[in-house]
file run.csv (CSV, N, CA and C atoms)
chain,number,residue,atom,x,y,z
A,132,LEU,N,5.1,-31.7,-39.6
A,132,LEU,CA,4.6,-32.9,-39.1
A,132,LEU,C,3.1,-32.9,-38.9
A,133,PHE,N,2.5,-31.7,-38.7
A,133,PHE,CA,1.1,-31.6,-38.4
A,133,PHE,C,0.3,-31.2,-39.7
A,134,GLU,N,1.0,-30.9,-40.8
A,134,GLU,CA,0.3,-30.4,-42.0
A,134,GLU,C,-0.3,-31.6,-42.7
A,135,ARG,N,-1.6,-31.6,-42.8
A,135,ARG,CA,-2.3,-32.8,-43.4
A,135,ARG,C,-2.0,-33.0,-44.9
A,136,ASP,N,-1.6,-31.9,-45.6
A,136,ASP,CA,-1.4,-32.0,-47.1
A,136,ASP,C,0.0,-32.3,-47.5
A,137,LEU,N,0.9,-32.3,-46.5
A,137,LEU,CA,2.3,-32.6,-46.9
A,137,LEU,C,2.8,-33.9,-46.4
A,138,THR,N,3.7,-34.5,-47.2
A,138,THR,CA,4.3,-35.8,-46.8
A,138,THR,C,5.4,-35.5,-45.8
A,139,PRO,N,5.9,-36.5,-45.0
A,139,PRO,CA,7.0,-36.3,-44.2
A,139,PRO,C,8.3,-36.1,-45.1
A,140,HIS,N,9.2,-35.3,-44.6
A,140,HIS,CA,10.4,-35.0,-45.5
A,140,HIS,C,11.2,-36.3,-45.7
A,141,PRO,N,11.9,-36.4,-46.8
A,141,PRO,CA,12.6,-37.7,-47.1
A,141,PRO,C,13.5,-38.2,-46.0
A,142,GLN,N,14.2,-37.3,-45.3
A,142,GLN,CA,15.2,-37.7,-44.3
A,142,GLN,C,14.4,-38.4,-43.1
A,143,TYR,N,13.2,-37.9,-42.8
A,143,TYR,CA,12.4,-38.5,-41.7
A,143,TYR,C,12.0,-39.9,-42.1
A,144,ALA,N,11.4,-40.0,-43.4
A,144,ALA,CA,11.0,-41.3,-43.8
A,144,ALA,C,12.2,-42.3,-44.0
A,145,ALA,N,13.3,-41.8,-44.4
A,145,ALA,CA,14.5,-42.7,-44.6
A,145,ALA,C,15.0,-43.2,-43.3
A,146,PHE,N,14.9,-42.4,-42.2
A,146,PHE,CA,15.3,-42.9,-40.9
A,146,PHE,C,14.5,-44.1,-40.5
A,147,TYR,N,13.2,-44.0,-40.6
A,147,TYR,CA,12.4,-45.2,-40.2
A,147,TYR,C,12.7,-46.4,-41.0
A,148,LYS,N,12.9,-46.2,-42.3
A,148,LYS,CA,13.3,-47.4,-43.2
A,148,LYS,C,14.7,-47.9,-42.8
A,149,TRP,N,15.6,-47.0,-42.5
A,149,TRP,CA,16.9,-47.4,-42.1
A,149,TRP,C,16.8,-48.2,-40.8
A,150,LEU,N,16.0,-47.8,-39.8
A,150,LEU,CA,15.8,-48.6,-38.6
A,150,LEU,C,15.4,-50.0,-38.9
A,151,GLN,N,14.5,-50.1,-39.9
A,151,GLN,CA,13.9,-51.5,-40.2
A,151,GLN,C,14.9,-52.3,-41.0
A,152,PHE,N,15.4,-51.8,-42.1
A,152,PHE,CA,16.1,-52.6,-43.0
A,152,PHE,C,17.6,-52.6,-43.0
A,153,GLU,N,18.2,-51.5,-42.5
A,153,GLU,CA,19.7,-51.5,-42.4
A,153,GLU,C,20.1,-51.8,-40.9
A,154,TYR,N,19.6,-51.1,-40.0
A,154,TYR,CA,20.0,-51.3,-38.6
A,154,TYR,C,19.3,-52.6,-38.0
A,155,ARG,N,18.2,-53.0,-38.6
A,155,ARG,CA,17.4,-54.1,-38.2
A,155,ARG,C,17.0,-54.1,-36.8
A,156,ALA,N,16.4,-52.9,-36.4
A,156,ALA,CA,15.9,-52.7,-35.0
A,156,ALA,C,14.9,-53.8,-34.7
A,157,SER,N,14.9,-54.2,-33.4
A,157,SER,CA,13.8,-55.1,-32.9
A,157,SER,C,12.6,-54.3,-32.5
A,158,ALA,N,12.7,-53.1,-32.2
A,158,ALA,CA,11.6,-52.3,-31.7
A,158,ALA,C,12.1,-50.8,-31.7
A,159,VAL,N,11.1,-49.9,-31.7
A,159,VAL,CA,11.3,-48.5,-31.5
A,159,VAL,C,10.9,-48.1,-30.1
A,160,LEU,N,11.7,-47.4,-29.4
A,160,LEU,CA,11.4,-47.0,-28.0
A,160,LEU,C,11.3,-45.5,-28.0
A,161,HIS,N,10.1,-45.0,-27.5
A,161,HIS,CA,10.0,-43.6,-27.4
A,161,HIS,C,9.9,-43.2,-25.9
A,162,PHE,N,10.7,-42.2,-25.5
A,162,PHE,CA,10.7,-41.7,-24.1
A,162,PHE,C,10.2,-40.3,-24.2
A,163,GLY,N,9.3,-39.9,-23.3
A,163,GLY,CA,8.9,-38.5,-23.2
A,163,GLY,C,7.4,-38.5,-23.5
A,164,MET,N,6.9,-37.3,-23.7
A,164,MET,CA,5.5,-37.1,-23.8
A,164,MET,C,4.9,-37.7,-25.1
A,165,HIS,N,5.5,-37.4,-26.2
A,165,HIS,CA,5.0,-38.1,-27.4
A,165,HIS,C,6.1,-38.0,-28.5
A,166,GLY,N,6.0,-38.9,-29.4
A,166,GLY,CA,6.9,-38.9,-30.6
A,166,GLY,C,6.3,-38.1,-31.7
A,167,THR,N,6.6,-38.4,-32.9
A,167,THR,CA,6.0,-37.6,-34.0
A,167,THR,C,5.3,-38.5,-35.0
A,168,VAL,N,5.6,-39.8,-35.0
A,168,VAL,CA,5.1,-40.7,-36.0
A,168,VAL,C,3.5,-40.8,-35.9
A,169,GLU,N,3.0,-40.7,-34.7
A,169,GLU,CA,1.6,-40.8,-34.6
A,169,GLU,C,0.8,-39.5,-35.0
A,170,TRP,N,1.6,-38.4,-35.2
A,170,TRP,CA,0.9,-37.2,-35.6
A,170,TRP,C,1.0,-36.9,-37.1
A,171,LEU,N,1.5,-37.8,-37.8
A,171,LEU,CA,1.7,-37.6,-39.3
A,171,LEU,C,0.3,-37.7,-39.9
A,172,PRO,N,0.2,-37.2,-41.2
A,172,PRO,CA,-1.1,-37.2,-41.9
A,172,PRO,C,-1.6,-38.7,-42.0
A,173,GLY,N,-2.9,-38.8,-41.9
A,173,GLY,CA,-3.6,-40.1,-41.9
A,173,GLY,C,-4.9,-39.9,-41.2
A,174,ALA,N,-5.6,-41.0,-41.0
A,174,ALA,CA,-6.9,-41.0,-40.4
A,174,ALA,C,-6.7,-40.6,-38.9
A,175,PRO,N,-7.5,-39.6,-38.4
A,175,PRO,CA,-7.3,-39.2,-37.1
A,175,PRO,C,-7.7,-40.2,-36.0
A,176,LEU,N,-8.6,-41.1,-36.4
A,176,LEU,CA,-9.1,-42.1,-35.4
A,176,LEU,C,-8.5,-43.5,-35.5
A,177,GLY,N,-7.6,-43.7,-36.4
A,177,GLY,CA,-6.9,-45.0,-36.6
A,177,GLY,C,-6.2,-45.0,-38.0
A,178,ASN,N,-5.5,-46.1,-38.2
A,178,ASN,CA,-4.8,-46.1,-39.5
A,178,ASN,C,-5.6,-46.9,-40.5
A,179,THR,N,-5.2,-46.6,-41.8
A,179,THR,CA,-5.9,-47.1,-42.9
A,179,THR,C,-5.1,-48.1,-43.7
A,180,GLY,N,-3.9,-48.3,-43.3
A,180,GLY,CA,-3.0,-49.2,-44.1
A,180,GLY,C,-2.1,-48.3,-45.0
A,181,ILE,N,-2.6,-47.1,-45.4
A,181,ILE,CA,-1.8,-46.2,-46.2
A,181,ILE,C,-1.5,-44.9,-45.4
A,182,SER,N,-1.8,-44.9,-44.1
A,182,SER,CA,-1.4,-43.8,-43.3
A,182,SER,C,0.1,-43.8,-43.2
A,183,TRP,N,0.6,-42.6,-42.9
A,183,TRP,CA,2.1,-42.5,-42.9
A,183,TRP,C,2.7,-43.2,-41.7
A,184,SER,N,1.9,-43.3,-40.6
A,184,SER,CA,2.5,-44.0,-39.5
A,184,SER,C,2.5,-45.5,-39.8
A,185,ASP,N,1.6,-46.0,-40.5
A,185,ASP,CA,1.6,-47.4,-41.0
A,185,ASP,C,2.8,-47.6,-42.0
A,186,THR,N,2.9,-46.7,-42.9
A,186,THR,CA,4.0,-46.8,-43.9
A,186,THR,C,5.4,-46.8,-43.3
A,187,LEU,N,5.6,-45.9,-42.3
A,187,LEU,CA,6.9,-45.7,-41.8
A,187,LEU,C,7.2,-46.8,-40.7
A,188,LEU,N,6.3,-47.1,-39.9
A,188,LEU,CA,6.6,-48.1,-38.8
A,188,LEU,C,6.7,-49.5,-39.4
A,189,GLY,N,5.9,-49.8,-40.4
A,189,GLY,CA,5.9,-51.2,-40.9
A,189,GLY,C,5.5,-52.2,-39.8
A,190,ASN,N,6.3,-53.2,-39.6
A,190,ASN,CA,6.0,-54.2,-38.5
A,190,ASN,C,6.8,-54.0,-37.3
A,191,LEU,N,7.5,-52.8,-37.2
A,191,LEU,CA,8.3,-52.6,-36.0
A,191,LEU,C,7.4,-52.3,-34.8
A,192,PRO,N,7.6,-53.1,-33.7
A,192,PRO,CA,6.9,-52.8,-32.4
A,192,PRO,C,7.3,-51.4,-32.0
A,193,ASN,N,6.4,-50.6,-31.5
A,193,ASN,CA,6.5,-49.2,-31.1
A,193,ASN,C,6.2,-49.1,-29.6
A,194,VAL,N,7.2,-49.0,-28.7
A,194,VAL,CA,7.0,-49.0,-27.3
A,194,VAL,C,7.1,-47.5,-26.8
A,195,TYR,N,6.2,-47.1,-26.0
A,195,TYR,CA,6.2,-45.7,-25.5
A,195,TYR,C,6.2,-45.8,-23.9
A,196,VAL,N,7.2,-45.1,-23.4
A,196,VAL,CA,7.2,-44.9,-21.9
A,196,VAL,C,6.5,-43.6,-21.7
A,197,TYR,N,5.3,-43.6,-21.1
A,197,TYR,CA,4.5,-42.5,-21.1
A,197,TYR,C,4.1,-42.1,-19.6
A,198,ALA,N,4.0,-40.9,-19.3
A,198,ALA,CA,3.6,-40.5,-18.0
A,198,ALA,C,2.1,-40.7,-17.9
A,199,CYS,N,1.6,-41.3,-16.8
A,199,CYS,CA,0.2,-41.7,-16.7
A,199,CYS,C,-0.7,-40.5,-16.5
A,200,ASN,N,-0.1,-39.3,-16.3
A,200,ASN,CA,-1.0,-38.1,-16.2
A,200,ASN,C,-1.4,-37.5,-17.5
A,201,ASN,N,-1.1,-38.2,-18.6
A,201,ASN,CA,-1.5,-37.6,-19.9
A,201,ASN,C,-2.2,-38.7,-20.8
A,202,PRO,N,-3.3,-39.3,-20.3
A,202,PRO,CA,-3.9,-40.4,-21.0
A,202,PRO,C,-4.4,-40.1,-22.4
A,203,SER,N,-4.8,-38.9,-22.7
A,203,SER,CA,-5.3,-38.6,-24.0
A,203,SER,C,-4.2,-38.7,-25.1
A,204,GLU,N,-3.0,-38.2,-24.8
A,204,GLU,CA,-2.0,-38.4,-25.9
A,204,GLU,C,-1.5,-39.8,-25.9
A,205,SER,N,-1.5,-40.5,-24.8
A,205,SER,CA,-1.0,-41.9,-24.9
A,205,SER,C,-2.0,-42.7,-25.7
A,206,ILE,N,-3.3,-42.4,-25.7
A,206,ILE,CA,-4.3,-43.1,-26.5
A,206,ILE,C,-4.0,-42.8,-28.0
A,207,ILE,N,-3.6,-41.6,-28.3
A,207,ILE,CA,-3.3,-41.3,-29.7
A,207,ILE,C,-2.1,-42.1,-30.2
A,208,ALA,N,-1.1,-42.2,-29.3
A,208,ALA,CA,0.1,-42.9,-29.6
A,208,ALA,C,-0.2,-44.4,-29.8
A,209,LYS,N,-1.2,-44.9,-29.0
A,209,LYS,CA,-1.6,-46.3,-29.2
A,209,LYS,C,-2.4,-46.5,-30.5
A,210,ARG,N,-3.3,-45.6,-30.7
A,210,ARG,CA,-4.2,-45.8,-31.9
A,210,ARG,C,-3.5,-45.5,-33.2
A,211,ARG,N,-2.7,-44.4,-33.3
A,211,ARG,CA,-2.1,-44.0,-34.5
A,211,ARG,C,-0.7,-44.5,-34.7
A,212,GLY,N,0.0,-44.8,-33.6
A,212,GLY,CA,1.4,-45.3,-33.8
A,212,GLY,C,1.5,-46.7,-33.3
A,213,TYR,N,0.5,-47.4,-33.1
A,213,TYR,CA,0.5,-48.8,-32.6
A,213,TYR,C,1.4,-48.9,-31.3
A,214,GLY,N,1.3,-47.9,-30.5
A,214,GLY,CA,2.2,-47.9,-29.3
A,214,GLY,C,1.8,-48.9,-28.3
A,215,THR,N,2.8,-49.6,-27.7
A,215,THR,CA,2.6,-50.3,-26.5
A,215,THR,C,2.9,-49.4,-25.4
A,216,ILE,N,2.0,-49.0,-24.6
A,216,ILE,CA,2.2,-48.0,-23.6
A,216,ILE,C,2.7,-48.6,-22.3
A,217,ILE,N,3.8,-48.0,-21.8
A,217,ILE,CA,4.3,-48.4,-20.5
A,217,ILE,C,4.2,-47.1,-19.6
A,218,SER,N,3.2,-47.1,-18.7
A,218,SER,CA,2.9,-45.9,-17.9
A,218,SER,C,3.8,-45.8,-16.7
A,219,HIS,N,4.1,-44.6,-16.3
A,219,HIS,CA,4.8,-44.4,-15.0
A,219,HIS,C,4.2,-43.1,-14.3
A,220,ASN,N,4.3,-43.1,-13.0
A,220,ASN,CA,3.8,-41.9,-12.3
A,220,ASN,C,4.9,-40.8,-12.4
A,221,VAL,N,4.5,-39.6,-12.4
A,221,VAL,CA,5.4,-38.5,-12.4
A,221,VAL,C,5.9,-38.4,-11.0
A,222,PRO,N,7.2,-38.3,-10.8
A,222,PRO,CA,7.7,-38.2,-9.4
A,222,PRO,C,7.3,-36.9,-8.8
A,223,PRO,N,7.1,-36.9,-7.5
A,223,PRO,CA,6.8,-35.6,-6.8
A,223,PRO,C,7.9,-34.6,-6.9
A,224,TYR,N,7.6,-33.4,-6.9
A,224,TYR,CA,8.7,-32.4,-6.9
A,224,TYR,C,8.3,-31.2,-6.1
A,225,GLY,N,9.2,-30.4,-5.8
A,225,GLY,CA,9.0,-29.2,-5.1
A,225,GLY,C,10.0,-28.1,-5.5
A,226,ARG,N,9.8,-26.9,-5.1
A,226,ARG,CA,10.7,-25.9,-5.5
A,226,ARG,C,12.1,-26.1,-4.9
A,227,ALA,N,13.1,-26.0,-5.7
A,227,ALA,CA,14.4,-26.3,-5.2
A,227,ALA,C,15.1,-25.1,-4.5
A,228,GLY,N,14.7,-23.9,-5.0
A,228,GLY,CA,15.3,-22.7,-4.5
A,228,GLY,C,16.6,-22.5,-5.1
A,229,LEU,N,17.3,-21.4,-4.6
A,229,LEU,CA,18.6,-21.1,-5.2
A,229,LEU,C,19.7,-21.5,-4.2
A,230,TYR,N,20.9,-21.8,-4.8
A,230,TYR,CA,22.0,-22.1,-4.0
A,230,TYR,C,22.4,-20.8,-3.2
A,231,LYS,N,23.1,-20.9,-2.1
A,231,LYS,CA,23.4,-19.8,-1.2
A,231,LYS,C,24.0,-18.6,-2.0
A,232,GLN,N,25.0,-18.9,-2.9
A,232,GLN,CA,25.7,-17.8,-3.6
A,232,GLN,C,24.7,-17.1,-4.5
A,233,LEU,N,23.8,-17.9,-5.2
A,233,LEU,CA,22.9,-17.3,-6.1
A,233,LEU,C,21.8,-16.5,-5.3
A,234,ALA,N,21.4,-17.0,-4.1
A,234,ALA,CA,20.4,-16.2,-3.3
A,234,ALA,C,21.0,-14.9,-2.9
A,235,THR,N,22.3,-14.9,-2.5
A,235,THR,CA,23.0,-13.7,-2.1
A,235,THR,C,23.1,-12.7,-3.2
A,236,LEU,N,23.4,-13.3,-4.4
A,236,LEU,CA,23.5,-12.4,-5.6
A,236,LEU,C,22.2,-11.8,-5.9
A,237,ARG,N,21.1,-12.6,-5.8
A,237,ARG,CA,19.8,-12.0,-6.1
A,237,ARG,C,19.5,-10.9,-5.2
A,238,GLU,N,19.8,-11.0,-3.9
A,238,GLU,CA,19.5,-10.0,-2.9
A,238,GLU,C,20.3,-8.7,-3.2
A,239,LEU,N,21.6,-8.9,-3.6
A,239,LEU,CA,22.4,-7.8,-3.9
A,239,LEU,C,21.9,-7.0,-5.1
A,240,LEU,N,21.5,-7.8,-6.1
A,240,LEU,CA,21.0,-7.2,-7.4
A,240,LEU,C,19.7,-6.4,-7.1
A,241,ALA,N,18.8,-7.0,-6.3
A,241,ALA,CA,17.6,-6.4,-6.0
A,241,ALA,C,17.8,-5.0,-5.2
A,242,GLU,N,18.8,-5.1,-4.3
A,242,GLU,CA,19.1,-3.9,-3.6
A,242,GLU,C,19.7,-2.8,-4.5
A,243,TYR,N,20.6,-3.3,-5.4
A,243,TYR,CA,21.3,-2.3,-6.3
A,243,TYR,C,20.2,-1.7,-7.2
A,244,ARG,N,19.3,-2.5,-7.7
A,244,ARG,CA,18.3,-1.9,-8.7
A,244,ARG,C,17.3,-0.9,-8.0
A,245,GLU,N,17.2,-1.0,-6.7
A,245,GLU,CA,16.3,0.0,-6.0
A,245,GLU,C,16.8,1.4,-6.3
A,246,SER,N,18.1,1.6,-6.2
A,246,SER,CA,18.7,2.9,-6.5
A,246,SER,C,20.1,2.8,-6.9
A,247,PRO,N,20.3,2.6,-8.2
A,247,PRO,CA,21.7,2.3,-8.7
A,247,PRO,C,22.7,3.4,-8.3
A,248,GLU,N,22.3,4.6,-8.3
A,248,GLU,CA,23.2,5.7,-8.0
A,248,GLU,C,23.7,5.6,-6.5
A,249,SER,N,22.8,5.4,-5.6
A,249,SER,CA,23.2,5.4,-4.2
A,249,SER,C,23.8,4.1,-3.8
A,250,ASN,N,23.5,3.0,-4.6
A,250,ASN,CA,24.0,1.7,-4.2
A,250,ASN,C,25.2,1.3,-5.1
A,251,ASP,N,25.9,2.3,-5.7
A,251,ASP,CA,27.0,2.0,-6.5
A,251,ASP,C,28.1,1.2,-5.8
A,252,GLY,N,28.2,1.4,-4.5
A,252,GLY,CA,29.2,0.7,-3.7
A,252,GLY,C,29.0,-0.8,-3.7
A,253,LEU,N,27.9,-1.3,-4.1
A,253,LEU,CA,27.6,-2.8,-4.1
A,253,LEU,C,28.2,-3.4,-5.3
A,254,ARG,N,28.6,-2.7,-6.3
A,254,ARG,CA,29.1,-3.2,-7.6
A,254,ARG,C,30.3,-4.2,-7.4
A,255,PRO,N,31.3,-3.9,-6.6
A,255,PRO,CA,32.4,-4.8,-6.4
A,255,PRO,C,32.0,-6.1,-5.7
A,256,THR,N,31.0,-6.0,-4.8
A,256,THR,CA,30.5,-7.2,-4.1
A,256,THR,C,29.7,-8.0,-5.1
A,257,ILE,N,28.9,-7.4,-5.9
A,257,ILE,CA,28.1,-8.1,-7.0
A,257,ILE,C,29.1,-8.9,-7.9
A,258,VAL,N,30.1,-8.2,-8.4
A,258,VAL,CA,31.1,-8.8,-9.3
A,258,VAL,C,31.8,-10.0,-8.6
A,259,GLU,N,32.1,-9.8,-7.3
A,259,GLU,CA,32.8,-10.9,-6.6
A,259,GLU,C,31.8,-12.1,-6.4
A,260,ASN,N,30.6,-11.9,-6.2
A,260,ASN,CA,29.6,-13.0,-6.1
A,260,ASN,C,29.3,-13.6,-7.4
A,261,LEU,N,29.4,-12.9,-8.5
A,261,LEU,CA,29.3,-13.4,-9.8
A,261,LEU,C,30.4,-14.4,-10.1
A,262,GLU,N,31.6,-14.0,-9.7
A,262,GLU,CA,32.8,-14.9,-9.9
A,262,GLU,C,32.7,-16.1,-9.0
A,263,LEU,N,32.3,-16.0,-7.8
A,263,LEU,CA,32.1,-17.1,-6.9
A,263,LEU,C,31.1,-18.1,-7.4
A,264,ALA,N,30.1,-17.6,-8.0
A,264,ALA,CA,29.0,-18.5,-8.6
A,264,ALA,C,29.4,-19.0,-9.9
A,265,GLY,N,30.5,-18.5,-10.5
A,265,GLY,CA,30.9,-19.0,-11.8
A,265,GLY,C,30.1,-18.4,-13.0
A,266,LEU,N,29.6,-17.2,-12.8
A,266,LEU,CA,28.7,-16.6,-13.8
A,266,LEU,C,29.3,-15.4,-14.5
A,267,GLN,N,30.6,-15.2,-14.3
A,267,GLN,CA,31.3,-14.0,-14.8
A,267,GLN,C,31.2,-14.0,-16.3
A,268,GLU,N,31.3,-15.1,-17.0
A,268,GLU,CA,31.2,-15.1,-18.4
A,268,GLU,C,29.8,-15.0,-19.0
A,269,ASP,N,28.8,-15.4,-18.2
A,269,ASP,CA,27.4,-15.3,-18.6
A,269,ASP,C,27.0,-13.9,-18.5
call {"tool": "encode", "arguments": {"input": "run.csv", "output": "structure tokens"}}
result
Amino acid sequence: LFERDLTPHPQYAAFYKWLQFEYRASAVLHFGMHGTVEWLPGAPLGNTGISWSDTLLGNLPNVYVYACNNPSESIIAKRRGYGTIISHNVPPYGRAGLYKQLATLRELLAEYRESPESNDGLRPTIVENLELAGLQED
């Protein structure tokens, strides 16, 4: 997708044409940080009418739901992919920590690793906690 001298593979191009002419989509919606159509070969500062993003999107409206903390890439999506940008704030987050069983298992494993020979008696308890946490197959 980022190679300037190569064209998009036929399946990629066919998908955009299928959206337009077979499925008859009213618009293309992109969710996430960025799509790929705006990164295809073409003029880096805008489209020329023969840029790949022009060729593939045609007259389809291109709507991006973009996190407002990444304005530089949303500008590229707007400029190169004719994106209509719908911004949203990134929700606050914090460390979730481990569930009780996993926290216990982590402590048991840490203790076992300190001295596997002398802590061999922890093995049955470790296996039991693995099973309680549903990790026995992993």
call {"tool": "closest_residue", "arguments": {"input": "run.csv", "among": "A:Val159, A:Leu263, A:Leu187, A:Val258", "to": "Ala145 in chain A", "atoms": "only N, CA and C atoms"}}
result
A:Leu187
call {"tool": "closest_residue", "arguments": {"input": "run.csv", "among": "A:Ile216, A:Leu137, A:Ile257, A:Ala264", "to": "Pro172 in chain A", "atoms": "all atoms listed in the file"}}
result
A:Leu137
call {"tool": "residues_around", "arguments": {"input": "run.csv", "residues": "Ala144 in chain A", "least_positions_apart": "6", "cutoff": "8 Å", "atoms": "only N, CA and C atoms", "output": "MDAnalysis selection string"}}
result
chainID A and resid 138 150 186:187
call {"tool": "residues_around", "arguments": {"input": "run.csv", "residues": "Asn260 in chain A", "least_positions_apart": "4", "cutoff": "7 Å", "atoms": "only C-alpha atoms", "output": "PyMOL selection string"}}
result
chain A and resi 232+236+256+264
call {"tool": "atom_distance", "arguments": {"input": "run.csv", "atom1": "CA of Leu191 in chain A", "atom2": "CA of Gln151 in chain A"}}
result
7.1 Å
call {"tool": "select_by_dssp", "arguments": {"input": "run.csv", "residues": "chain A", "states": "strand (DSSP E)", "output": "list in words"}}
result
Val159, Leu160, His161, Phe162, Asn193, Val194, Tyr195, Val196, Tyr197, Ala198, Gly214, Thr215, Ile216, Ile217, Ser218 and His219 of chain A
call {"tool": "atom_distance", "arguments": {"input": "run.csv", "atom1": "atom N of Gly173 in chain A", "atom2": "atom N of Val194 in chain A"}}
result
19.5 Å
call {"tool": "atom_distance", "arguments": {"input": "run.csv", "atom1": "CA of Pro141 in chain A", "atom2": "CA of Thr179 in chain A"}}
result
21.2 Å
call {"tool": "residues_around", "arguments": {"input": "run.csv", "residues": "range 198-207 of chain A", "least_positions_apart": "4", "cutoff": "9 Å", "atoms": "only C-alpha atoms", "output": "JSON, numbers by chain"}}
result
{"A": [163, 164, 165, 169, 170, 175, 176, 177, 211, 212, 213, 214, 216, 217, 218, 219, 220, 221]}
call {"tool": "select_by_dssp", "arguments": {"input": "run.csv", "residues": "range 156-209 of chain A", "states": "helix (DSSP H, G or I)", "output": "VMD selection string"}}
result
chain A and resid 168 to 170 183 to 188 202 to 209
call {"tool": "write_last_selection", "arguments": {"input": "run.csv", "atoms": "N, CA and C atoms", "output": "PDB file, in the coordinates of the input"}}
result
ATOM      1  N   VAL A 168       5.600 -39.800 -35.000  1.00  0.00           N
ATOM      2  CA  VAL A 168       5.100 -40.700 -36.000  1.00  0.00           C
ATOM      3  C   VAL A 168       3.500 -40.800 -35.900  1.00  0.00           C
ATOM      4  N   GLU A 169       3.000 -40.700 -34.700  1.00  0.00           N
ATOM      5  CA  GLU A 169       1.600 -40.800 -34.600  1.00  0.00           C
ATOM      6  C   GLU A 169       0.800 -39.500 -35.000  1.00  0.00           C
ATOM      7  N   TRP A 170       1.600 -38.400 -35.200  1.00  0.00           N
ATOM      8  CA  TRP A 170       0.900 -37.200 -35.600  1.00  0.00           C
ATOM      9  C   TRP A 170       1.000 -36.900 -37.100  1.00  0.00           C
ATOM     10  N   TRP A 183       0.600 -42.600 -42.900  1.00  0.00           N
ATOM     11  CA  TRP A 183       2.100 -42.500 -42.900  1.00  0.00           C
ATOM     12  C   TRP A 183       2.700 -43.200 -41.700  1.00  0.00           C
ATOM     13  N   SER A 184       1.900 -43.300 -40.600  1.00  0.00           N
ATOM     14  CA  SER A 184       2.500 -44.000 -39.500  1.00  0.00           C
ATOM     15  C   SER A 184       2.500 -45.500 -39.800  1.00  0.00           C
ATOM     16  N   ASP A 185       1.600 -46.000 -40.500  1.00  0.00           N
ATOM     17  CA  ASP A 185       1.600 -47.400 -41.000  1.00  0.00           C
ATOM     18  C   ASP A 185       2.800 -47.600 -42.000  1.00  0.00           C
ATOM     19  N   THR A 186       2.900 -46.700 -42.900  1.00  0.00           N
ATOM     20  CA  THR A 186       4.000 -46.800 -43.900  1.00  0.00           C
ATOM     21  C   THR A 186       5.400 -46.800 -43.300  1.00  0.00           C
ATOM     22  N   LEU A 187       5.600 -45.900 -42.300  1.00  0.00           N
ATOM     23  CA  LEU A 187       6.900 -45.700 -41.800  1.00  0.00           C
ATOM     24  C   LEU A 187       7.200 -46.800 -40.700  1.00  0.00           C
ATOM     25  N   LEU A 188       6.300 -47.100 -39.900  1.00  0.00           N
ATOM     26  CA  LEU A 188       6.600 -48.100 -38.800  1.00  0.00           C
ATOM     27  C   LEU A 188       6.700 -49.500 -39.400  1.00  0.00           C
ATOM     28  N   PRO A 202      -3.300 -39.300 -20.300  1.00  0.00           N
ATOM     29  CA  PRO A 202      -3.900 -40.400 -21.000  1.00  0.00           C
ATOM     30  C   PRO A 202      -4.400 -40.100 -22.400  1.00  0.00           C
ATOM     31  N   SER A 203      -4.800 -38.900 -22.700  1.00  0.00           N
ATOM     32  CA  SER A 203      -5.300 -38.600 -24.000  1.00  0.00           C
ATOM     33  C   SER A 203      -4.200 -38.700 -25.100  1.00  0.00           C
ATOM     34  N   GLU A 204      -3.000 -38.200 -24.800  1.00  0.00           N
ATOM     35  CA  GLU A 204      -2.000 -38.400 -25.900  1.00  0.00           C
ATOM     36  C   GLU A 204      -1.500 -39.800 -25.900  1.00  0.00           C
ATOM     37  N   SER A 205      -1.500 -40.500 -24.800  1.00  0.00           N
ATOM     38  CA  SER A 205      -1.000 -41.900 -24.900  1.00  0.00           C
ATOM     39  C   SER A 205      -2.000 -42.700 -25.700  1.00  0.00           C
ATOM     40  N   ILE A 206      -3.300 -42.400 -25.700  1.00  0.00           N
ATOM     41  CA  ILE A 206      -4.300 -43.100 -26.500  1.00  0.00           C
ATOM     42  C   ILE A 206      -4.000 -42.800 -28.000  1.00  0.00           C
ATOM     43  N   ILE A 207      -3.600 -41.600 -28.300  1.00  0.00           N
ATOM     44  CA  ILE A 207      -3.300 -41.300 -29.700  1.00  0.00           C
ATOM     45  C   ILE A 207      -2.100 -42.100 -30.200  1.00  0.00           C
ATOM     46  N   ALA A 208      -1.100 -42.200 -29.300  1.00  0.00           N
ATOM     47  CA  ALA A 208       0.100 -42.900 -29.600  1.00  0.00           C
ATOM     48  C   ALA A 208      -0.200 -44.400 -29.800  1.00  0.00           C
ATOM     49  N   LYS A 209      -1.200 -44.900 -29.000  1.00  0.00           N
ATOM     50  CA  LYS A 209      -1.600 -46.300 -29.200  1.00  0.00           C
ATOM     51  C   LYS A 209      -2.400 -46.500 -30.500  1.00  0.00           C
TER      52      LYS A 209
END
call {"tool": "residues_around", "arguments": {"input": "run.csv", "residues": "Leu253 in chain A", "least_positions_apart": "6", "cutoff": "10 Å", "atoms": "only C-alpha atoms", "output": "list in words"}}
result
Leu239, Leu240, Glu242, Tyr243, Pro247 and Glu259 of chain A
call {"tool": "decode", "arguments": {"input": "run.csv", "residues": "range 138-143 of chain A", "atoms": "N, CA and C atoms", "output": "mmCIF file, in the first residue's frame"}}
result
data_model
loop_
_atom_site.group_PDB
_atom_site.id
_atom_site.type_symbol
_atom_site.label_atom_id
_atom_site.label_comp_id
_atom_site.auth_asym_id
_atom_site.auth_seq_id
_atom_site.Cartn_x
_atom_site.Cartn_y
_atom_site.Cartn_z
ATOM 1 N N THR A 138 0.965 -0.544 -8.205
ATOM 2 C CA THR A 138 -0.468 -0.278 -8.177
ATOM 3 C C THR A 138 -1.104 -1.147 -7.093
ATOM 4 N N PRO A 139 -2.287 -0.784 -6.607
ATOM 5 C CA PRO A 139 -2.969 -1.655 -5.650
ATOM 6 C C PRO A 139 -3.270 -3.003 -6.299
ATOM 7 N N HIS A 140 -3.263 -4.065 -5.506
ATOM 8 C CA HIS A 140 -3.530 -5.380 -6.098
ATOM 9 C C HIS A 140 -4.972 -5.423 -6.617
ATOM 10 N N PRO A 141 -5.245 -6.248 -7.590
ATOM 11 C CA PRO A 141 -6.552 -6.266 -8.251
ATOM 12 C C PRO A 141 -7.729 -6.502 -7.307
ATOM 13 N N GLN A 142 -7.552 -7.341 -6.279
ATOM 14 C CA GLN A 142 -8.652 -7.608 -5.352
ATOM 15 C C GLN A 142 -9.026 -6.340 -4.583
ATOM 16 N N TYR A 143 -8.046 -5.557 -4.216
ATOM 17 C CA TYR A 143 -8.276 -4.309 -3.487
ATOM 18 C C TYR A 143 -9.074 -3.343 -4.361
#
